[in-house]
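Asker: What follows is a single structure, and I will ask about it in a moment.
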Amino acid sequence: MDEQQLHRAETIGAGLRALRRQRGVSLKNLAEQTGISKSYLSMVENGKRLLTSTVFID
């Protein structure tokens, strides 16, 4: 990831974590509801991965 993508990933991840916590949803529960692995969601929340539409394609 370049600097711009890293900043975007960190911003999106922090927002996702804040929203998830505000709604009282655990990471495990969110993973089960979305079909995205808990480890991938954790990486998104920590700014290590971008949440893209390709995540939803099997």
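Residue numbers start at 1 in each chain; chains themselves are named A, B, ... in the order of the structure tokens; ligands are numbered from 1 in the order shown.
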With only C-alpha atoms as the counted atoms, please give the residues lying no more than 10 Å from A:Leu16, apart from itself and same-chain residues fewer than 3 positions off, as an MDAnalysis selection string.
Answerer: chainID A and resid 10:13 19:22 41 44:46 51
Asker: How would the residues just picked look written out with all heavy atoms as a compact mmCIF listing (two decimals), in the first residue's frame?
Answerer:
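Wrote it out as result10.txt, contents follow:
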# COMPACT_ATOMS: atom_id res chain seq x y z
N GLU A 10 -6.44 3.13 7.31
CA GLU A 10 -6.49 3.44 8.74
C GLU A 10 -7.75 4.21 9.10
O GLU A 10 -8.37 3.95 10.13
CB GLU A 10 -5.24 4.23 9.14
CG GLU A 10 -3.98 3.40 9.11
CD GLU A 10 -2.71 4.20 9.28
OE1 GLU A 10 -2.76 5.46 9.16
OE2 GLU A 10 -1.66 3.58 9.53
N THR A 11 -8.15 5.15 8.25
CA THR A 11 -9.35 5.95 8.50
C THR A 11 -10.60 5.08 8.44
O THR A 11 -11.46 5.15 9.32
CB THR A 11 -9.45 7.09 7.47
OG1 THR A 11 -8.28 7.91 7.57
CG2 THR A 11 -10.69 7.94 7.70
N ILE A 12 -10.71 4.25 7.42
CA ILE A 12 -11.86 3.37 7.27
C ILE A 12 -11.90 2.37 8.43
O ILE A 12 -12.96 2.11 9.01
CB ILE A 12 -11.84 2.65 5.91
CG1 ILE A 12 -12.09 3.66 4.79
CG2 ILE A 12 -12.86 1.51 5.87
CD1 ILE A 12 -11.85 3.13 3.40
N GLY A 13 -10.76 1.80 8.75
CA GLY A 13 -10.69 0.82 9.83
C GLY A 13 -11.12 1.40 11.17
O GLY A 13 -11.89 0.78 11.92
N LEU A 19 -17.90 2.32 14.88
CA LEU A 19 -19.31 2.04 14.60
C LEU A 19 -19.71 0.68 15.17
O LEU A 19 -20.77 0.54 15.79
CB LEU A 19 -19.57 2.09 13.09
CG LEU A 19 -21.00 1.90 12.63
CD1 LEU A 19 -21.90 2.99 13.23
CD2 LEU A 19 -21.07 1.95 11.12
N ARG A 20 -18.85 -0.31 14.99
CA ARG A 20 -19.14 -1.65 15.51
C ARG A 20 -19.28 -1.62 17.03
O ARG A 20 -20.24 -2.16 17.59
CB ARG A 20 -18.02 -2.62 15.09
CG ARG A 20 -18.21 -4.02 15.63
CD ARG A 20 -17.09 -4.94 15.21
NE ARG A 20 -15.77 -4.56 15.65
CZ ARG A 20 -15.31 -4.71 16.91
NH1 ARG A 20 -16.07 -5.22 17.84
NH2 ARG A 20 -14.07 -4.35 17.22
N ARG A 21 -18.36 -0.94 17.69
CA ARG A 21 -18.41 -0.86 19.16
C ARG A 21 -19.61 -0.05 19.64
O ARG A 21 -20.24 -0.40 20.63
CB ARG A 21 -17.12 -0.25 19.69
CG ARG A 21 -15.95 -1.20 19.57
CD ARG A 21 -14.69 -0.58 20.09
NE ARG A 21 -13.59 -1.54 20.10
CZ ARG A 21 -12.34 -1.21 20.37
NH1 ARG A 21 -12.01 0.04 20.66
NH2 ARG A 21 -11.40 -2.14 20.35
N GLN A 22 -19.91 1.04 18.93
CA GLN A 22 -21.06 1.87 19.28
C GLN A 22 -22.35 1.06 19.24
O GLN A 22 -23.24 1.25 20.06
CB GLN A 22 -21.14 3.06 18.33
CG GLN A 22 -22.28 4.01 18.59
CD GLN A 22 -22.33 5.13 17.56
OE1 GLN A 22 -21.88 4.98 16.43
NE2 GLN A 22 -22.87 6.26 17.96
N LEU A 41 -11.45 -9.01 9.14
CA LEU A 41 -12.08 -7.81 9.71
C LEU A 41 -11.15 -7.12 10.70
O LEU A 41 -11.08 -5.89 10.74
CB LEU A 41 -13.41 -8.17 10.38
CG LEU A 41 -14.56 -8.50 9.44
CD1 LEU A 41 -15.75 -9.02 10.23
CD2 LEU A 41 -14.96 -7.28 8.61
N VAL A 44 -8.70 -5.15 8.77
CA VAL A 44 -9.34 -3.94 8.25
C VAL A 44 -9.41 -2.89 9.35
O VAL A 44 -9.02 -1.73 9.15
CB VAL A 44 -10.75 -4.24 7.69
CG1 VAL A 44 -11.50 -2.94 7.38
CG2 VAL A 44 -10.65 -5.10 6.43
N GLU A 45 -9.87 -3.29 10.54
CA GLU A 45 -9.99 -2.34 11.65
C GLU A 45 -8.64 -1.78 12.07
O GLU A 45 -8.57 -0.65 12.55
CB GLU A 45 -10.68 -3.00 12.84
CG GLU A 45 -12.16 -3.20 12.64
CD GLU A 45 -12.87 -3.63 13.91
OE1 GLU A 45 -12.21 -3.88 14.95
OE2 GLU A 45 -14.11 -3.71 13.87
N ASN A 46 -7.57 -2.55 11.88
CA ASN A 46 -6.24 -2.10 12.26
C ASN A 46 -5.49 -1.40 11.13
O ASN A 46 -4.31 -1.09 11.26
CB ASN A 46 -5.42 -3.29 12.78
CG ASN A 46 -5.90 -3.72 14.14
OD1 ASN A 46 -5.91 -2.94 15.08
ND2 ASN A 46 -6.34 -4.96 14.25
N LEU A 51 -11.08 -2.69 2.97
CA LEU A 51 -12.32 -3.43 2.77
C LEU A 51 -12.81 -3.09 1.37
O LEU A 51 -13.17 -1.95 1.08
CB LEU A 51 -13.36 -3.03 3.81
CG LEU A 51 -14.63 -3.85 3.88
CD1 LEU A 51 -14.30 -5.31 4.18
CD2 LEU A 51 -15.56 -3.32 4.95
Asker: Could you list, as a ChimeraX atom specification, every residue within 12 Å of A:His7, counting only C-alpha atoms and ignoring same-chain residues fewer than 6 positions away?
Answerer: /A:1,13-14,46-50
Asker: Kindly export the residues of the current selection with N, CA, C and O atoms, as a PDB file, in the first residue's frame.
Answerer:
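File written: result01.pdb
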ATOM      1  N   MET A   1       0.840  -1.178   0.000  1.00  0.00           N
ATOM      2  CA  MET A   1       0.000   0.000   0.000  1.00  0.00           C
ATOM      3  C   MET A   1       0.889   1.247   0.000  1.00  0.00           C
ATOM      4  O   MET A   1       1.854   1.295   0.746  1.00  0.00           O
ATOM      5  N   GLY A  13     -10.761   1.801   8.752  1.00  0.00           N
ATOM      6  CA  GLY A  13     -10.691   0.823   9.834  1.00  0.00           C
ATOM      7  C   GLY A  13     -11.116   1.398  11.173  1.00  0.00           C
ATOM      8  O   GLY A  13     -11.887   0.778  11.918  1.00  0.00           O
ATOM      9  N   ALA A  14     -10.639   2.588  11.479  1.00  0.00           N
ATOM     10  CA  ALA A  14     -11.003   3.230  12.743  1.00  0.00           C
ATOM     11  C   ALA A  14     -12.497   3.530  12.783  1.00  0.00           C
ATOM     12  O   ALA A  14     -13.153   3.353  13.816  1.00  0.00           O
ATOM     13  N   ASN A  46      -7.574  -2.548  11.881  1.00  0.00           N
ATOM     14  CA  ASN A  46      -6.237  -2.096  12.257  1.00  0.00           C
ATOM     15  C   ASN A  46      -5.493  -1.403  11.127  1.00  0.00           C
ATOM     16  O   ASN A  46      -4.312  -1.087  11.260  1.00  0.00           O
ATOM     17  N   GLY A  47      -6.192  -1.160  10.011  1.00  0.00           N
ATOM     18  CA  GLY A  47      -5.596  -0.431   8.901  1.00  0.00           C
ATOM     19  C   GLY A  47      -4.590  -1.227   8.099  1.00  0.00           C
ATOM     20  O   GLY A  47      -3.799  -0.657   7.351  1.00  0.00           O
ATOM     21  N   LYS A  48      -4.611  -2.547   8.222  1.00  0.00           N
ATOM     22  CA  LYS A  48      -3.671  -3.399   7.494  1.00  0.00           C
ATOM     23  C   LYS A  48      -4.217  -3.865   6.148  1.00  0.00           C
ATOM     24  O   LYS A  48      -3.465  -4.304   5.289  1.00  0.00           O
ATOM     25  N   ARG A  49      -5.530  -3.792   5.976  1.00  0.00           N
ATOM     26  CA  ARG A  49      -6.193  -4.196   4.738  1.00  0.00           C
ATOM     27  C   ARG A  49      -7.308  -3.195   4.434  1.00  0.00           C
ATOM     28  O   ARG A  49      -7.900  -2.619   5.330  1.00  0.00           O
ATOM     29  N   LEU A  50      -7.594  -3.053   3.154  1.00  0.00           N
ATOM     30  CA  LEU A  50      -8.724  -2.237   2.728  1.00  0.00           C
ATOM     31  C   LEU A  50      -9.940  -3.142   2.561  1.00  0.00           C
ATOM     32  O   LEU A  50      -9.828  -4.267   2.066  1.00  0.00           O
TER      33      LEU A  50
END
Asker: How many Å lie between atom CA of A:Val25 and atom CA of A:Lys38, rounded to one decimal?
Answerer: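 Interatomic distance here is 12.5 Å.
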Asker: Just asking: which residues within chain A are helix (DSSP H, G or I) according to DSSP, as a PyMOL selection string?
Answerer: chain A and resi 3-22+27-34+38-45+53-56
Asker: Kindly save the residues from that selection, with C-alpha atoms included, as a compact mmCIF listing (two decimals), in the first residue's frame.
Answerer:
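File written: result_25.txt
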# COMPACT_ATOMS: atom_id res chain seq x y z
CA GLU A 3 0.89 6.30 1.81
CA GLN A 4 -2.48 7.46 0.52
CA GLN A 5 -3.94 3.94 0.60
CA LEU A 6 -2.50 3.37 4.07
CA HIS A 7 -4.11 6.56 5.37
CA ARG A 8 -7.42 5.55 3.78
CA ALA A 9 -7.20 2.04 5.28
CA GLU A 10 -6.49 3.44 8.74
CA THR A 11 -9.35 5.95 8.50
CA ILE A 12 -11.86 3.37 7.27
CA GLY A 13 -10.69 0.82 9.83
CA ALA A 14 -11.00 3.23 12.74
CA GLY A 15 -14.47 4.24 11.59
CA LEU A 16 -15.58 0.63 11.24
CA ARG A 17 -14.31 -0.24 14.72
CA ALA A 18 -15.98 2.80 16.27
CA LEU A 19 -19.31 2.04 14.60
CA ARG A 20 -19.14 -1.65 15.51
CA ARG A 21 -18.41 -0.86 19.16
CA GLN A 22 -21.06 1.87 19.28
CA LEU A 27 -15.93 -8.79 15.94
CA LYS A 28 -16.97 -12.46 15.95
CA ASN A 29 -20.64 -11.54 15.49
CA LEU A 30 -19.86 -9.12 12.67
CA ALA A 31 -17.81 -11.82 10.95
CA GLU A 32 -20.69 -14.28 11.21
CA GLN A 33 -23.22 -11.72 9.91
CA THR A 34 -21.10 -10.66 6.94
CA LYS A 38 -12.81 -12.43 11.88
CA SER A 39 -9.08 -12.17 11.13
CA TYR A 40 -9.71 -10.19 7.91
CA LEU A 41 -12.08 -7.81 9.71
CA SER A 42 -9.47 -7.33 12.40
CA MET A 43 -6.87 -6.43 9.78
CA VAL A 44 -9.34 -3.94 8.25
CA GLU A 45 -9.99 -2.34 11.65
CA SER A 53 -16.02 -5.26 -2.89
CA THR A 54 -13.87 -8.26 -3.85
CA VAL A 55 -14.15 -9.49 -0.26
CA PHE A 56 -17.79 -10.32 -0.96
